[in-house]
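Okay, structure first, notes after.
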Amino acid sequence: AGATAAERLRWMVGGNYARDKSHEIQDIFLNLTNTLPFFTGAAQDMASTARTWSAFGSVDYRLTPTLTAQGSLRYTKQKRDMKGCTRDLGDGTFANFVSLVFGLPPIAPGACTTIDLTAFQAGLIEDRFSEDNLAWRAGLDWKPTPDLMVYANATKGYKAGNFVNITAVFANSLEPIPQEVLMSYEAGFKASALRRRLQLTGAAFYYDYKDKQLTGFRDSGIIGIINSVVSVPKSRIIGAELEALVRPVTGLTLRGGVTHIDSKVTDDFLALDSGGTAFNRKGESFPGTPKWAAIGDAEWDFPLSASWNGFLGGNVAYRSDSRTFFGNDPLYDIPSYTLVDLRAGVRSRDDRYRLQLYGRNIFDKYYVVTAQGQADNVTRITSMPATYGLTFSARY
């Protein structure tokens with residue numbers, strides 16, 4: 001006999017409240033900059049509180065033995081408070097400079113130097129904002145056989161707005177970033193064959209963003225152009241991914257995956273470059289978003305005794321070129337790179353104990369993971385060179 005409506009239905013409702021507090025202090029030293037040769041540094045000081053209320057619910061309903069509909073809703077309201085400023089480091093250098101340049105009364109060493117433009121005086125800056133949203137998801141899962149599932153869903157989601165702790169000569173540099181809105185559409189499949197010796201997963205997706213939060217530059221005034229977060233009015237991502245797992249013979253496991261992402265700003269968006277000039281970024285791709293990423297892994301597991309197995313493995317990872325900020329400044333380019341890792345070891349049959357010798361980045365590839373700008377300084381951060389080690393693990 002067929003299942004009743006109650007048996008086909010699964011549902012869930014709930015709610016939560018969270019109160020998060022943070023206090024972040026970043027000491028910035030720029031005693032080697034040509035832009036401000038007299039400037040020793042300052043401290044970015046920000047304390048914030050976020051209060052979040054939410055209520056949510058979801059339902060899964062089995063329309064037929066092979067087709068299931070899913071839906072969910074979540075209402076969220078958030079309030080954020082901030083107290084922050086850029087402080088003198090305590091030696092009075094920056095405090096004296098700000099009071100001299102802007103004709104302010106003397107500022108005590110270690111005190112706030114951020115200027116409120118309304119009263120035109122330096123001090124602690126306080127601000128607050130609140131946002132709410134209604135996120136939802138709707139989808140279908142079709143499972144015609146035990147080894148195949150095809151799905152499609154549409155989702156509307158949000159990323160909370162926030163205050164950004166940056167060097168702020170004027171209070172407007174501490175204005176909050178609004179919440180990010182995402183409308184996504186995705187379709188994909190999960191399949192297995194040959195008694196699960198072959199497993200495939202794939203998906204194609206389209207992401208439509210409003211006010212997407214990305215890394216960018218902000219003009220801080222006398223300190224110059226600094227790293228910050230920018231809000232992109234309209235943008236999108238078109239992408240696809242494919243993963244495979246193959247066990248062709250006993251003990252040998254092969255894994256591979258490839259991802260393609262095409263990102264683009266789709267509406268007018270004026271954003272600063274590293275020199276402080278604003279350009280329309282319409283048509284540019286996202287910072288920190290390579291078009292291609294791929295990984296392959298192989299491991300051979302073989303018996304050594306009745307209680308122990310040996311294993312040999314390795315993987316190759318590729319990432320295409322990208323950049324850390326909008327614009328075409330080569331100082332912020334992240335060139336493509338390929339990394340190779342190897343591993344070998346022994347493990348107990350129940351996998352409770354494992355001894356492994358590993359080599360990471362064995363060809364000692366020199367590659368950049370990010371680049372940052374502050375005033376007239378550019379910092380390019382590289383990752384680890386060739387690294388070798390031995391690990392032992394035990395599980396209980």
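Ordering of the structure tokens sets the chain letters (A, B, ...); residue numbers start at 1 within each chain; ligands are numbered from 1 in the order shown.
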
Mind listing the strand (DSSP E) residues of segment 58-191 of chain A, per DSSP on the backbone, as a ChimeraX atom specification? /A:58-62,67-87,115-116,121-122,125-145,148-159,180-191

Which residues, written as a PyMOL selection string, have at least one atom at most 12 Å from Leu140 of chain A, with only C-alpha atoms counted and residues fewer than 2 positions away on the same chain left out? chain A and resi 59-64+66-71+137-138+142-143+149-154+186-189

For the residues in that selection, give me C-alpha atoms as a CSV table (one decimal), in the first residue's frame.
```
chain,number,residue,atom,x,y,z
A,59,VAL,CA,9.4,20.7,4.7
A,60,ASP,CA,10.2,17.7,2.6
A,61,TYR,CA,7.3,16.0,0.8
A,62,ARG,CA,7.6,12.8,-1.2
A,63,LEU,CA,5.4,13.4,-4.2
A,64,THR,CA,6.1,10.0,-5.7
A,66,THR,CA,11.2,8.7,-6.7
A,67,LEU,CA,10.4,12.5,-6.5
A,68,THR,CA,10.7,14.7,-3.4
A,69,ALA,CA,9.9,18.4,-3.1
A,70,GLN,CA,11.8,20.5,-0.6
A,71,GLY,CA,11.1,24.0,0.7
A,137,ARG,CA,14.9,27.6,-0.7
A,138,ALA,CA,12.8,25.5,-3.1
A,142,TRP,CA,14.5,12.9,-8.4
A,143,LYS,CA,15.9,9.4,-7.7
A,149,MET,CA,19.9,11.3,-8.1
A,150,VAL,CA,19.1,14.4,-10.1
A,151,TYR,CA,18.3,17.6,-8.4
A,152,ALA,CA,17.4,21.3,-9.1
A,153,ASN,CA,16.9,24.1,-6.6
A,154,ALA,CA,16.5,27.9,-6.3
A,186,GLU,CA,21.6,25.1,-9.4
A,187,ALA,CA,21.0,21.8,-11.1
A,188,GLY,CA,23.1,18.7,-10.8
A,189,PHE,CA,23.4,14.9,-10.3
```

Between A:Leu174, A:Ile226, A:Ile381, A:Ala135, single out the one closest to Ala55 of chain A, counting only C-alpha atoms.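 Result for the nearest residue to Ala55 of chain A: A:Ala135.
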
For atom CA of Gly110 of chain A and atom CA of Thr86 of chain A, quote the distance in Å rounded to one decimal.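 These two atoms are separated by 9.7 Å.
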
Counting only C-alpha atoms, which residue out of A:Gly256, A:Gly373, A:Gly123, A:Gly202 sits closest to Ile225 of chain A? A:Gly373

Sel. of helix (DSSP H, G or I) residues, segment 29-174 of chain A, as a list of chain:residue names: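 Secondary structure check on segment 29-174 of chain A, helix (DSSP H, G or I): A:Thr93, A:Phe94, A:Ala95, A:Asn96, A:Phe97, A:Val98, A:Ser99, A:Leu100, A:Val101, A:Ala171, A:Asn172, A:Ser173, A:Leu174.
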
Pick from A:Val340, A:Val265, A:Leu331, A:Leu100: nearest to Thr370 of chain A, with only C-alpha atoms counted?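 Residue with the minimum atom-to-atom distance to Thr370 of chain A: A:Leu331.
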
Which of A:Ser274, A:Thr382, A:Ser348, A:Ser305 sits closest to Ile334 of chain A [using only C-alpha atoms]: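 Ranked by minimum distance to Ile334 of chain A, first place goes to A:Thr382.
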
I want to know what sits within 10 Å of segment 167-173 of chain A, based on only C-alpha atoms, with residues of the same chain fewer than 5 positions away left out; could you give that as a count of residues only? 39

Just give me the gap between atom CA of Asn361 of chain A and atom CA of Arg247 of chain A in Å, one decimal is fine.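 Value for the atom CA of Asn361 of chain A-atom CA of Arg247 of chain A distance: 25.7 Å.
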